[in-house]
$ cat upload_24.csv   # CSV, C-alpha atoms and all ligand atoms
chain,number,residue,atom,x,y,z
H,1,MET,CA,-3.6,-19.7,24.2
H,2,THR,CA,-1.0,-19.0,21.6
H,3,ALA,CA,-1.0,-21.0,18.4
H,4,LYS,CA,2.1,-22.8,19.7
H,5,GLN,CA,0.4,-23.7,23.0
H,6,ASN,CA,-2.6,-24.8,21.0
H,7,ALA,CA,-0.5,-27.1,18.8
H,8,ARG,CA,1.2,-28.5,21.9
H,9,ALA,CA,-2.1,-29.2,23.7
H,10,LEU,CA,-3.4,-30.9,20.5
H,11,LEU,CA,-0.3,-33.0,20.3
H,12,CYS,CA,-0.6,-34.0,24.0
H,13,ALA,CA,-4.2,-35.0,23.5
H,14,LEU,CA,-3.3,-37.1,20.4
H,15,LEU,CA,-0.5,-38.8,22.2
H,16,PHE,CA,-2.8,-39.5,25.2
H,17,VAL,CA,-5.5,-41.0,22.9
H,18,GLY,CA,-2.8,-43.0,21.1
H,19,GLU,CA,-1.6,-44.4,24.4
H,20,LEU,CA,-5.1,-45.3,25.5
H,21,SER,CA,-5.8,-47.2,22.3
H,22,LEU,CA,-2.4,-48.9,22.4
H,23,ALA,CA,-3.0,-50.0,26.0
H,24,GLY,CA,-6.5,-51.1,25.0
H,25,SER,CA,-5.2,-53.3,22.1
H,26,LEU,CA,-2.4,-54.7,24.3
H,27,SER,CA,-4.7,-55.7,27.0
H,28,SER,CA,-7.3,-57.2,24.7
H,29,GLN,CA,-4.5,-59.1,23.0
H,30,GLY,CA,-3.2,-60.1,26.4
H,31,MET,CA,-6.7,-61.4,27.3
H,32,ARG,CA,-7.0,-63.6,24.2
H,33,GLY,CA,-6.7,-67.4,24.5
H,34,THR,CA,-4.5,-69.7,22.4
H,35,ILE,CA,-5.1,-72.9,20.5
H,36,ARG,CA,-2.3,-75.4,20.1
H,37,LYS,CA,-2.7,-78.3,17.6
H,38,GLU,CA,-0.7,-81.5,17.8
H,39,SER,CA,-1.0,-85.1,16.5
H,40,PHE,CA,-3.1,-87.5,18.6
H,41,GLY,CA,-2.0,-90.5,16.4
H,42,LYS,CA,-3.8,-92.6,13.9
H,43,THR,CA,-7.0,-94.7,14.2
H,44,ALA,CA,-6.7,-98.5,13.6
H,45,SER,CA,-7.9,-97.8,10.1
H,46,GLY,CA,-5.3,-95.2,9.5
H,47,ALA,CA,-7.1,-91.8,9.9
H,48,ARG,CA,-4.9,-89.1,11.3
H,49,ILE,CA,-6.3,-87.6,14.5
H,50,ASP,CA,-5.4,-84.3,16.2
H,51,LEU,CA,-5.6,-82.9,19.6
H,52,TYR,CA,-6.4,-79.2,20.1
H,53,THR,CA,-5.6,-77.5,23.4
H,54,LEU,CA,-7.4,-74.2,24.1
H,55,SER,CA,-6.0,-72.1,26.9
H,56,ASN,CA,-7.2,-68.9,28.5
H,57,LYS,CA,-5.5,-66.4,30.8
H,58,LYS,CA,-7.5,-67.5,33.9
H,59,GLY,CA,-5.7,-70.8,34.2
H,60,MET,CA,-8.2,-73.0,32.3
H,61,GLN,CA,-7.2,-75.4,29.6
H,62,VAL,CA,-9.4,-77.7,27.5
H,63,ALA,CA,-8.0,-80.4,25.2
H,64,ILE,CA,-10.4,-81.7,22.5
H,65,THR,CA,-9.8,-84.3,19.8
H,66,ASN,CA,-11.6,-84.7,16.5
H,67,PHE,CA,-12.1,-88.4,17.3
H,68,GLY,CA,-15.7,-88.3,18.6
H,69,ALA,CA,-15.4,-84.5,19.0
H,70,THR,CA,-14.3,-85.5,22.5
H,71,VAL,CA,-13.2,-83.4,25.5
H,72,VAL,CA,-9.9,-85.2,26.5
H,73,ALA,CA,-8.8,-83.0,29.3
H,74,LEU,CA,-10.2,-80.0,31.2
H,75,LYS,CA,-7.9,-78.2,33.6
H,76,VAL,CA,-9.2,-75.8,36.2
H,77,PRO,CA,-7.8,-74.1,39.3
H,78,ASP,CA,-8.8,-75.0,42.8
H,79,ARG,CA,-9.3,-72.4,45.6
H,80,ALA,CA,-5.5,-72.1,46.0
H,81,GLY,CA,-5.1,-71.6,42.2
H,82,LYS,CA,-3.7,-75.1,41.6
H,83,ALA,CA,-5.0,-76.6,38.3
H,84,ALA,CA,-6.1,-80.2,38.0
H,85,ASP,CA,-7.7,-82.2,35.2
H,86,VAL,CA,-11.3,-82.7,36.3
H,87,VAL,CA,-12.5,-85.1,33.5
H,88,LEU,CA,-12.0,-88.8,33.1
H,89,GLY,CA,-10.3,-90.0,29.9
H,90,PHE,CA,-7.3,-91.7,28.3
H,91,ASP,CA,-3.8,-90.7,27.4
H,92,THR,CA,-4.0,-92.2,24.0
H,93,LEU,CA,-6.3,-92.3,21.0
H,94,GLU,CA,-6.5,-96.1,21.3
H,95,GLY,CA,-8.2,-95.7,24.7
H,96,TYR,CA,-11.0,-93.7,23.0
H,97,GLU,CA,-11.2,-96.1,20.1
H,98,ASN,CA,-11.7,-99.1,22.4
H,99,GLY,CA,-13.5,-97.4,25.2
H,100,THR,CA,-17.1,-98.1,26.0
H,101,ALA,CA,-18.0,-95.4,28.6
H,102,TYR,CA,-18.2,-92.4,26.3
H,103,PHE,CA,-15.6,-90.4,28.2
H,104,GLY,CA,-15.9,-86.7,27.1
H,105,ALA,CA,-17.5,-87.6,23.8
H,106,THR,CA,-20.1,-85.9,21.7
H,107,VAL,CA,-23.0,-88.2,21.8
H,108,GLY,CA,-25.5,-88.7,18.9
H,109,ARG,CA,-27.4,-89.0,16.7
H,110,TYR,CA,-29.7,-89.7,19.6
H,111,GLY,CA,-28.1,-89.4,23.1
H,112,ASN,CA,-29.6,-91.6,25.8
H,113,ARG,CA,-32.0,-94.5,25.1
H,114,ILE,CA,-34.6,-95.3,22.5
H,115,GLY,CA,-36.9,-98.0,23.8
H,116,GLY,CA,-37.1,-101.3,21.8
H,117,GLY,CA,-34.7,-99.7,19.3
H,118,GLN,CA,-37.5,-98.3,17.2
H,119,PHE,CA,-39.6,-95.2,16.6
H,120,SER,CA,-41.9,-93.9,13.9
H,121,ILE,CA,-42.2,-90.7,11.9
H,122,ASP,CA,-45.5,-90.1,10.0
H,123,GLY,CA,-46.4,-93.8,10.4
H,124,LYS,CA,-43.1,-95.1,9.0
H,125,THR,CA,-41.2,-97.2,11.5
H,126,TYR,CA,-37.4,-97.0,11.8
H,127,THR,CA,-35.5,-99.9,13.3
H,128,LEU,CA,-32.2,-99.2,15.1
H,129,PRO,CA,-29.4,-101.6,16.2
H,130,LYS,CA,-29.8,-102.5,19.8
H,131,ASN,CA,-26.7,-102.0,21.9
H,132,ASN,CA,-28.1,-101.8,25.5
H,133,GLY,CA,-30.3,-104.9,26.2
H,134,ASN,CA,-33.5,-104.3,24.1
H,135,ASN,CA,-32.7,-100.6,23.6
H,136,THR,CA,-30.5,-98.3,21.5
H,137,LEU,CA,-28.1,-96.2,23.6
H,138,HIS,CA,-26.2,-93.1,22.6
H,139,GLY,CA,-26.7,-93.4,18.8
H,140,GLY,CA,-26.2,-97.1,18.4
H,141,ILE,CA,-23.3,-99.4,17.8
H,142,VAL,CA,-21.1,-96.8,16.1
H,143,GLY,CA,-22.3,-93.5,17.5
H,144,PHE,CA,-20.9,-90.0,16.9
H,145,ASN,CA,-18.4,-90.7,19.7
H,146,LYS,CA,-16.6,-93.2,17.4
H,147,LYS,CA,-16.6,-91.0,14.3
H,148,VAL,CA,-13.8,-88.9,12.8
H,149,TRP,CA,-14.9,-85.3,12.8
H,150,LYS,CA,-13.5,-82.4,10.8
H,151,ALA,CA,-12.0,-79.6,12.9
H,152,ILE,CA,-11.6,-75.9,12.1
H,153,ALA,CA,-10.0,-73.6,14.6
H,154,GLY,CA,-11.9,-70.3,14.9
H,155,LYS,CA,-10.1,-67.0,13.9
H,156,ASP,CA,-10.6,-65.7,17.4
H,157,SER,CA,-8.3,-68.3,19.1
H,158,GLU,CA,-11.1,-69.0,21.5
H,159,SER,CA,-13.2,-71.5,19.6
H,160,LEU,CA,-12.9,-74.7,17.7
H,161,GLU,CA,-15.5,-76.1,15.4
H,162,MET,CA,-16.1,-79.8,14.7
H,163,SER,CA,-18.3,-81.0,11.8
H,164,TYR,CA,-19.6,-84.3,10.8
H,165,LEU,CA,-22.0,-85.6,8.1
H,166,SER,CA,-24.1,-88.5,9.3
H,167,VAL,CA,-25.4,-90.1,6.1
H,168,ASP,CA,-29.0,-91.2,5.5
H,169,GLY,CA,-29.6,-94.6,7.2
H,170,GLU,CA,-26.5,-94.5,9.4
H,171,GLU,CA,-27.3,-96.6,12.5
H,172,GLY,CA,-30.9,-96.8,11.2
H,173,PHE,CA,-31.7,-93.1,11.4
H,174,PRO,CA,-33.3,-91.3,8.4
H,175,GLY,CA,-31.8,-88.3,6.6
H,176,ASN,CA,-28.4,-86.9,5.9
H,177,LEU,CA,-27.7,-85.0,9.1
H,178,SER,CA,-25.1,-82.3,9.0
H,179,VAL,CA,-23.8,-81.6,12.5
H,180,LYS,CA,-21.5,-78.9,13.9
H,181,VAL,CA,-20.3,-78.7,17.4
H,182,ALA,CA,-18.4,-75.5,18.4
H,183,PHE,CA,-16.3,-75.5,21.6
H,184,THR,CA,-15.5,-72.0,23.0
H,185,LEU,CA,-13.3,-71.3,25.9
H,186,ALA,CA,-14.0,-67.8,27.2
H,187,ALA,CA,-10.8,-65.7,27.2
H,188,ASP,CA,-11.6,-64.0,30.5
H,189,ARG,CA,-13.8,-66.5,32.3
H,190,ASN,CA,-13.3,-70.2,33.2
H,191,GLU,CA,-16.2,-71.2,31.0
H,192,LEU,CA,-16.5,-73.8,28.2
H,193,LYS,CA,-19.4,-73.2,25.9
H,194,ILE,CA,-20.6,-75.9,23.5
H,195,ASP,CA,-22.9,-75.0,20.6
H,196,TYR,CA,-24.6,-77.7,18.6
H,197,THR,CA,-26.1,-77.0,15.2
H,198,ALA,CA,-27.7,-79.5,12.8
H,199,SER,CA,-29.8,-79.7,9.7
H,200,THR,CA,-31.2,-82.6,7.7
H,201,ASP,CA,-32.6,-83.4,4.3
H,202,LYS,CA,-35.4,-85.7,5.6
H,203,ASP,CA,-37.5,-85.7,8.8
H,204,THR,CA,-35.3,-87.3,11.5
H,205,VAL,CA,-34.9,-87.3,15.3
H,206,LEU,CA,-31.8,-86.1,17.2
H,207,ASN,CA,-30.5,-85.6,20.7
H,208,LEU,CA,-27.0,-84.2,21.0
H,209,THR,CA,-25.0,-84.0,24.2
H,210,ASN,CA,-21.5,-84.1,25.7
H,211,HIS,CA,-20.6,-87.0,27.9
H,212,SER,CA,-17.8,-85.6,30.1
H,213,TYR,CA,-17.3,-87.4,33.4
H,214,PHE,CA,-16.4,-84.9,36.1
H,215,ASN,CA,-14.5,-85.3,39.3
H,216,LEU,CA,-13.9,-81.9,40.7
H,217,ALA,CA,-11.1,-83.2,43.0
H,218,GLY,CA,-9.2,-84.2,39.8
H,219,GLU,CA,-9.7,-87.4,37.7
H,220,GLY,CA,-8.6,-90.6,39.4
H,221,ASN,CA,-8.8,-88.9,42.8
H,222,GLY,CA,-11.3,-91.1,44.6
H,223,ASP,CA,-15.1,-91.1,44.2
H,224,ILE,CA,-17.6,-88.2,43.9
H,225,LEU,CA,-19.9,-89.2,46.8
H,226,ASP,CA,-18.9,-86.1,48.9
H,227,HIS,CA,-19.5,-83.7,46.0
H,228,VAL,CA,-22.5,-81.5,46.8
H,229,LEU,CA,-25.1,-81.2,44.0
H,230,MET,CA,-28.0,-79.0,43.2
H,231,LEU,CA,-30.3,-79.8,40.3
H,232,HIS,CA,-32.7,-77.0,39.3
H,233,ALA,CA,-35.6,-79.4,38.6
H,234,LYS,CA,-38.8,-80.1,40.4
H,235,GLN,CA,-39.6,-83.3,38.4
H,236,PHE,CA,-37.8,-86.3,36.8
H,237,THR,CA,-38.8,-88.9,34.3
H,238,PRO,CA,-39.1,-92.3,36.1
H,239,VAL,CA,-37.8,-95.3,34.2
H,240,ASP,CA,-38.5,-99.0,34.0
H,241,LYS,CA,-35.8,-101.5,34.9
H,242,THR,CA,-34.2,-101.1,31.5
H,243,LEU,CA,-33.9,-97.3,32.1
H,244,ILE,CA,-36.6,-96.4,29.5
H,245,PRO,CA,-39.0,-93.6,30.8
H,246,THR,CA,-42.5,-94.8,31.7
H,247,GLY,CA,-43.8,-91.4,30.4
H,248,GLU,CA,-44.6,-90.1,33.9
H,249,LEU,CA,-43.2,-86.8,35.1
H,250,ARG,CA,-42.8,-87.3,38.8
H,251,ASP,CA,-42.2,-84.7,41.5
H,252,VAL,CA,-38.8,-85.0,43.1
H,253,ALA,CA,-40.2,-83.7,46.4
H,254,GLY,CA,-40.0,-86.4,49.1
H,255,THR,CA,-37.8,-88.7,47.0
H,256,PRO,CA,-34.0,-89.2,47.0
H,257,LEU,CA,-33.9,-87.5,43.6
H,258,ASP,CA,-34.7,-84.2,45.2
H,259,PHE,CA,-31.6,-82.0,44.6
H,260,THR,CA,-33.4,-78.7,44.8
H,261,THR,CA,-31.3,-78.0,47.9
H,262,ALA,CA,-27.6,-78.7,47.9
H,263,THR,CA,-27.1,-82.3,49.0
H,264,SER,CA,-24.1,-84.6,48.8
H,265,ILE,CA,-24.3,-87.2,46.0
H,266,GLY,CA,-23.6,-90.1,48.4
H,267,LYS,CA,-26.2,-89.2,51.1
H,268,ARG,CA,-29.1,-91.1,49.7
H,269,ILE,CA,-27.6,-93.0,46.8
H,270,SER,CA,-28.0,-96.4,48.4
H,271,GLU,CA,-31.6,-95.9,49.6
H,272,ASN,CA,-34.0,-98.7,48.8
H,273,TYR,CA,-36.0,-96.5,46.4
H,274,GLU,CA,-37.1,-98.4,43.3
H,275,GLN,CA,-35.7,-95.8,40.8
H,276,LEU,CA,-32.3,-95.9,42.5
H,277,VAL,CA,-32.4,-99.7,42.4
H,278,PHE,CA,-33.1,-99.6,38.7
H,279,GLY,CA,-30.4,-97.1,38.0
H,280,LYS,CA,-27.8,-98.8,40.4
H,281,GLY,CA,-27.6,-95.2,41.7
H,282,TYR,CA,-28.5,-92.0,39.9
H,283,ASP,CA,-29.0,-92.4,36.2
H,284,HIS,CA,-32.1,-90.4,35.4
H,285,ASN,CA,-33.3,-87.4,33.5
H,286,TRP,CA,-34.4,-84.3,35.4
H,287,VAL,CA,-37.0,-82.0,33.9
H,288,LEU,CA,-35.4,-78.5,34.1
H,289,ALA,CA,-37.5,-75.8,35.8
H,290,ARG,CA,-38.0,-73.3,33.1
H,291,ALA,CA,-40.9,-71.0,32.5
H,292,GLU,CA,-42.9,-72.0,29.4
H,293,SER,CA,-42.0,-68.6,27.8
H,294,GLU,CA,-38.3,-68.7,28.9
H,295,LYS,CA,-35.9,-69.1,26.1
H,296,GLY,CA,-32.1,-69.2,26.2
H,297,LEU,CA,-29.8,-70.5,28.9
H,298,THR,CA,-31.1,-71.7,32.2
H,299,LEU,CA,-29.1,-72.9,35.2
H,300,ALA,CA,-29.5,-76.6,35.3
H,301,ALA,CA,-27.0,-77.9,37.9
H,302,GLU,CA,-24.4,-76.9,40.4
H,303,ALA,CA,-21.7,-79.3,41.7
H,304,TYR,CA,-19.2,-78.4,44.4
H,305,ASP,CA,-16.2,-80.3,45.8
H,306,PRO,CA,-15.7,-79.2,49.4
H,307,LYS,CA,-12.0,-80.5,49.4
H,308,SER,CA,-10.7,-78.5,46.5
H,309,GLY,CA,-13.3,-75.8,46.5
H,310,ARG,CA,-13.9,-76.3,42.8
H,311,LYS,CA,-17.4,-75.6,41.6
H,312,LEU,CA,-19.1,-76.4,38.3
H,313,GLU,CA,-22.3,-74.7,37.1
H,314,VAL,CA,-24.1,-76.1,34.1
H,315,LEU,CA,-26.3,-73.9,32.0
H,316,THR,CA,-28.3,-75.1,29.0
H,317,THR,CA,-31.0,-74.3,26.5
H,318,GLU,CA,-32.0,-78.0,26.6
H,319,PRO,CA,-35.1,-79.1,28.6
H,320,GLY,CA,-33.5,-81.9,30.5
H,321,VAL,CA,-30.3,-83.1,32.2
H,322,GLN,CA,-29.3,-86.7,32.8
H,323,PHE,CA,-27.4,-87.0,36.1
H,324,TYR,CA,-25.4,-90.2,36.0
H,325,SER,CA,-23.4,-91.1,39.0
H,326,GLY,CA,-20.8,-93.3,37.3
H,327,ASN,CA,-22.6,-96.5,38.5
H,328,PHE,CA,-21.2,-98.7,35.7
H,329,LEU,CA,-17.6,-97.7,36.1
H,330,ASP,CA,-15.9,-100.8,37.5
H,331,GLY,CA,-12.2,-100.1,37.4
H,332,SER,CA,-11.7,-102.2,34.2
H,333,ALA,CA,-11.1,-99.1,32.1
H,334,LYS,CA,-7.6,-97.9,32.8
H,335,GLY,CA,-7.6,-94.1,32.3
H,336,LYS,CA,-5.0,-91.4,32.3
H,337,GLY,CA,-1.7,-92.4,33.9
H,338,ASN,CA,-3.0,-96.0,34.0
H,339,LYS,CA,-5.4,-95.1,36.8
H,340,ALA,CA,-8.3,-97.5,37.3
H,341,TYR,CA,-11.6,-95.6,37.4
H,342,GLY,CA,-13.8,-97.4,39.9
H,343,GLN,CA,-17.6,-97.1,40.5
H,344,ARG,CA,-18.6,-93.5,41.1
H,345,ALA,CA,-15.2,-92.1,40.2
H,346,ALA,CA,-17.0,-89.3,38.4
H,347,PHE,CA,-20.5,-88.0,37.5
H,348,CYS,CA,-22.0,-86.8,34.3
H,349,LEU,CA,-24.5,-84.0,33.7
H,350,GLU,CA,-25.7,-84.7,30.2
H,351,THR,CA,-27.8,-81.8,29.0
H,352,GLN,CA,-30.4,-83.2,26.6
H,353,HIS,CA,-33.9,-83.8,25.5
H,354,PHE,CA,-35.6,-86.6,27.4
H,355,PRO,CA,-34.7,-90.2,26.8
H,356,ASP,CA,-36.9,-92.1,24.3
H,357,SER,CA,-38.7,-88.8,23.3
H,358,PRO,CA,-39.6,-90.1,19.9
H,359,ASN,CA,-41.9,-92.7,21.6
H,360,HIS,CA,-43.4,-90.2,24.1
H,361,PRO,CA,-45.6,-87.5,22.5
H,362,ASN,CA,-45.9,-85.8,25.9
H,363,PHE,CA,-42.2,-85.1,26.0
H,364,PRO,CA,-40.6,-82.0,24.3
H,365,GLY,CA,-40.1,-83.0,20.6
H,366,THR,CA,-36.9,-84.2,19.1
H,367,LEU,CA,-38.1,-84.2,15.4
H,368,LEU,CA,-36.0,-82.1,13.0
H,369,LYS,CA,-37.4,-81.3,9.6
H,370,PRO,CA,-35.6,-80.2,6.5
H,371,ASN,CA,-35.3,-76.4,6.1
H,372,SER,CA,-35.1,-75.8,9.8
H,373,VAL,CA,-31.9,-75.6,11.8
H,374,PHE,CA,-31.4,-77.1,15.2
H,375,HIS,CA,-29.4,-75.2,17.7
H,376,SER,CA,-28.7,-75.8,21.4
H,377,GLN,CA,-26.1,-74.5,23.8
H,378,THR,CA,-24.6,-75.7,27.0
H,379,VAL,CA,-22.1,-73.9,29.2
H,380,PHE,CA,-19.8,-75.5,31.8
H,381,ARG,CA,-18.8,-72.7,34.2
H,382,PHE,CA,-16.0,-73.2,36.7
H,383,SER,CA,-15.1,-71.3,39.8
H,384,ALA,CA,-13.4,-72.0,43.2
H,385,LYS,CA,-14.2,-70.9,46.7
Z,401,LIG,C1,-25.5,-92.6,30.2
Z,401,LIG,C2,-26.5,-93.7,30.5
Z,401,LIG,C3,-25.9,-94.6,31.5
Z,401,LIG,C4,-24.6,-95.2,30.9
Z,401,LIG,C5,-23.7,-94.1,30.5
Z,401,LIG,C6,-22.5,-94.7,29.7
Z,401,LIG,O1,-25.3,-91.8,31.2
Z,401,LIG,O2,-27.7,-93.2,31.0
Z,401,LIG,O3,-26.8,-95.6,31.8
Z,401,LIG,O4,-24.9,-96.0,29.8
Z,401,LIG,O5,-24.3,-93.2,29.7
Z,401,LIG,O6,-21.9,-95.7,30.4
$ encode --input "upload_24.csv" --output "structure tokens"
Amino acid sequence: MTAKQNARALLCALLFVGELSLAGSLSSQGMRGTIRKESFGKTASGARIDLYTLSNKKGMQVAITNFGATVVALKVPDRAGKAADVVLGFDTLEGYENGTAYFGATVGRYGNRIGGGQFSIDGKTYTLPKNNGNNTLHGGIVGFNKKVWKAIAGKDSESLEMSYLSVDGEEGFPGNLSVKVAFTLAADRNELKIDYTASTDKDTVLNLTNHSYFNLAGEGNGDILDHVLMLHAKQFTPVDKTLIPTGELRDVAGTPLDFTTATSIGKRISENYEQLVFGKGYDHNWVLARAESEKGLTLAAEAYDPKSGRKLEVLTTEPGVQFYSGNFLDGSAKGKGNKAYGQRAAFCLETQHFPDSPNHPNFPGTLLKPNSVFHSQTVFRFSAK
């Protein structure tokens, strides 16, 4: 090769590499999601609230408000590629302020029930306000779902972080608890990931979860009794008639709570099985099948809507999942587009520690101590077939 040919070859090679990296950066830019911020109005006490909409390039959109760190809308495509909003909720902030069903909310400080509204740490008893018969439900009278959170959009346009400081004594719980909830919509997969992080300055208990109500046919589109469910759990925690666990871990085998094989939600929901009578349907905590040594995400649940073809998989680092079949919905809450959400218009899969754990030493612990950081992760993964 002459010097001239050499120079030309080098130039060609450089141009080629240049094109490759340009193509690379264009496509990665193209794959990135976007976050749009708009006003969601003002609370009754005058706090300005925002709504953040995360979109990816696979047709998924998630709208989240900093009121209650709440998932307001979640749009995913069906098998024909047509998107629908698959979570119950309201069009306005007022709906969330007045609502009692925890639609889409971040639930805390202690998700699910604490029996008798009390627990003790190191011999000291803490008394909580009771808001569910004799029990405390979902953090008390003013839980995290009714708080104004601080939002920071991540630099990567894929994630949104919400933070909240729950002060010592709030709703009876000890310790200043600093909580962060990060919502990430994957750029290239229809997957919403929620990361919970918390730290405290005094021993306290916590159980954080998200309370989205799913209807994979689209919110307001009938009931979920034909949805097919799988729960990767061999046991559940039976409850008394006030839905407080008795402490027993019972095998699901041979009961209508066995979802180890795909079964429609409606198939056994009305059976005369005491646990279903107590729950008015499904409202129980399943013990996720996870090897003792297994850390990280485990597949907890799979739900499928045969009509639309939409499928939801729930993965979590938590030890339990509360499957609630929307038994208390009674049409009185008017949701999006003024639709009445009747009984079983949706289901919840609340990844969590077990209900009333602070009063059950045999359950996985929910105690958080100063100088340690709590972290859990849950992924809602969507597909269609
Ligand atoms: C949880 C509870 C249910 C019900 C809903 C909210 O899932 O287990 O009993 O209170 O929250 O309505």
$ residues_near_ligand --input "upload_24.csv" --ligand "ligand LIG 401 (chain Z)" --cutoff "7 Å" --atoms "all atoms listed in the file" --output "list in words"
Thr100, Ala101, Tyr102, Asn112, Leu137, Asp283, His284, Gln322, Tyr324, Phe328 and Cys348 of chain H
$ residues_around --input "upload_24.csv" --residues "segment 150-152 of chain H" --least-positions-apart "5" --cutoff "6 Å" --atoms "only C-alpha atoms" --output "VMD selection string"
chain H and resid 160 to 163
$ residues_near_point --input "upload_24.csv" --point "(-16.4, -77.5, 42.5)" --cutoff "12 Å" --atoms "all atoms listed in the file" --output "PyMOL selection string"
chain H and resi 76-79+84+86+214-218+224+226-230+301-314+380-385
$ atom_distance --input "upload_24.csv" --atom1 "atom CA of Thr255 of chain H" --atom2 "atom CA of Thr136 of chain H"
28.2 Å
$ atom_distance --input "upload_24.csv" --atom1 "atom CA of Thr184 of chain H" --atom2 "atom CA of Phe374 of chain H"
18.4 Å
$ closest_residue --input "upload_24.csv" --among "H:Ala105, H:Ala233, H:Ala253, H:Ala345" --to "Leu288 of chain H" --atoms "only C-alpha atoms"
H:Ala233
$ closest_atom_pairs --input "upload_24.csv" --of "segment 325-368 of chain H" --to "segment 124-135 of chain H" --cutoff "12 Å" --atoms "all atoms listed in the file" --output "JSON lines"
{"residue": "H:Pro355", "atom": "CA", "partner": "H:Asn135", "partner_atom": "CA", "distance": 11.1}
{"residue": "H:Asp356", "atom": "CA", "partner": "H:Asn135", "partner_atom": "CA", "distance": 9.5}
{"residue": "H:Pro358", "atom": "CA", "partner": "H:Tyr126", "partner_atom": "CA", "distance": 10.9}
{"residue": "H:Asn359", "atom": "CA", "partner": "H:Thr125", "partner_atom": "CA", "distance": 11.1}
$ atom_distance --input "upload_24.csv" --atom1 "atom CA of Leu297 of chain H" --atom2 "atom CA of Thr316 of chain H"
4.8 Å
$ residues_around --input "upload_24.csv" --residues "Gly95 of chain H" --least-positions-apart "5" --cutoff "12 Å" --atoms "only C-alpha atoms" --output "NGL selection string"
:H and (40-41 or 43-44 or 67 or 72 or 88-90 or 100-103 or 146 or 333-338)
$ residues_around --input "upload_24.csv" --residues "His138 of chain H" --least-positions-apart "4" --cutoff "10 Å" --atoms "all atoms listed in the file" --output "PyMOL selection string"
chain H and resi 102+106-114+131-132+142-145+207-209+211+355
$ decode --input "upload_24.csv" --residues "segment 271-275 of chain H" --atoms "all heavy atoms" --output "PDB file, in the first residue's frame"
ATOM      1  N   GLU H 271     -66.684 -19.798  47.518  1.00  0.00           N
ATOM      2  CA  GLU H 271     -66.786 -21.054  48.279  1.00  0.00           C
ATOM      3  C   GLU H 271     -66.952 -20.766  49.762  1.00  0.00           C
ATOM      4  O   GLU H 271     -66.481 -19.753  50.277  1.00  0.00           O
ATOM      5  CB  GLU H 271     -65.514 -21.912  48.051  1.00  0.00           C
ATOM      6  CG  GLU H 271     -65.586 -22.657  46.749  1.00  0.00           C
ATOM      7  CD  GLU H 271     -64.395 -23.586  46.519  1.00  0.00           C
ATOM      8  OE1 GLU H 271     -63.658 -23.922  47.465  1.00  0.00           O
ATOM      9  OE2 GLU H 271     -64.213 -23.976  45.348  1.00  0.00           O
ATOM     10  N   ASN H 272     -67.612 -21.720  50.424  1.00  0.00           N
ATOM     11  CA  ASN H 272     -67.875 -21.545  51.837  1.00  0.00           C
ATOM     12  C   ASN H 272     -66.670 -22.010  52.675  1.00  0.00           C
ATOM     13  O   ASN H 272     -66.760 -22.932  53.465  1.00  0.00           O
ATOM     14  CB  ASN H 272     -69.146 -22.329  52.198  1.00  0.00           C
ATOM     15  CG  ASN H 272     -69.618 -22.009  53.597  1.00  0.00           C
ATOM     16  OD1 ASN H 272     -69.286 -20.951  54.126  1.00  0.00           O
ATOM     17  ND2 ASN H 272     -70.359 -22.930  54.199  1.00  0.00           N
ATOM     18  N   TYR H 273     -65.545 -21.367  52.458  1.00  0.00           N
ATOM     19  CA  TYR H 273     -64.311 -21.662  53.191  1.00  0.00           C
ATOM     20  C   TYR H 273     -64.125 -20.509  54.160  1.00  0.00           C
ATOM     21  O   TYR H 273     -64.167 -19.337  53.752  1.00  0.00           O
ATOM     22  CB  TYR H 273     -63.150 -21.756  52.181  1.00  0.00           C
ATOM     23  CG  TYR H 273     -61.803 -22.080  52.779  1.00  0.00           C
ATOM     24  CD1 TYR H 273     -61.543 -23.330  53.328  1.00  0.00           C
ATOM     25  CD2 TYR H 273     -60.778 -21.129  52.766  1.00  0.00           C
ATOM     26  CE1 TYR H 273     -60.300 -23.632  53.867  1.00  0.00           C
ATOM     27  CE2 TYR H 273     -59.536 -21.422  53.297  1.00  0.00           C
ATOM     28  CZ  TYR H 273     -59.297 -22.673  53.851  1.00  0.00           C
ATOM     29  OH  TYR H 273     -58.063 -22.974  54.381  1.00  0.00           O
ATOM     30  N   GLU H 274     -63.949 -20.823  55.445  1.00  0.00           N
ATOM     31  CA  GLU H 274     -63.980 -19.776  56.472  1.00  0.00           C
ATOM     32  C   GLU H 274     -63.109 -18.558  56.140  1.00  0.00           C
ATOM     33  O   GLU H 274     -63.524 -17.404  56.318  1.00  0.00           O
ATOM     34  CB  GLU H 274     -63.573 -20.353  57.827  1.00  0.00           C
ATOM     35  CG  GLU H 274     -63.791 -19.367  58.950  1.00  0.00           C
ATOM     36  CD  GLU H 274     -63.420 -19.935  60.313  1.00  0.00           C
ATOM     37  OE1 GLU H 274     -62.254 -20.376  60.488  1.00  0.00           O
ATOM     38  OE2 GLU H 274     -64.290 -19.947  61.193  1.00  0.00           O
ATOM     39  N   GLN H 275     -61.901 -18.801  55.609  1.00  0.00           N
ATOM     40  CA  GLN H 275     -61.002 -17.686  55.296  1.00  0.00           C
ATOM     41  C   GLN H 275     -61.601 -16.765  54.237  1.00  0.00           C
ATOM     42  O   GLN H 275     -61.417 -15.547  54.290  1.00  0.00           O
ATOM     43  CB  GLN H 275     -59.645 -18.218  54.830  1.00  0.00           C
ATOM     44  CG  GLN H 275     -58.815 -18.808  55.956  1.00  0.00           C
ATOM     45  CD  GLN H 275     -58.464 -17.742  57.001  1.00  0.00           C
ATOM     46  OE1 GLN H 275     -57.972 -16.673  56.671  1.00  0.00           O
ATOM     47  NE2 GLN H 275     -58.729 -18.041  58.268  1.00  0.00           N
TER      48      GLN H 275
END
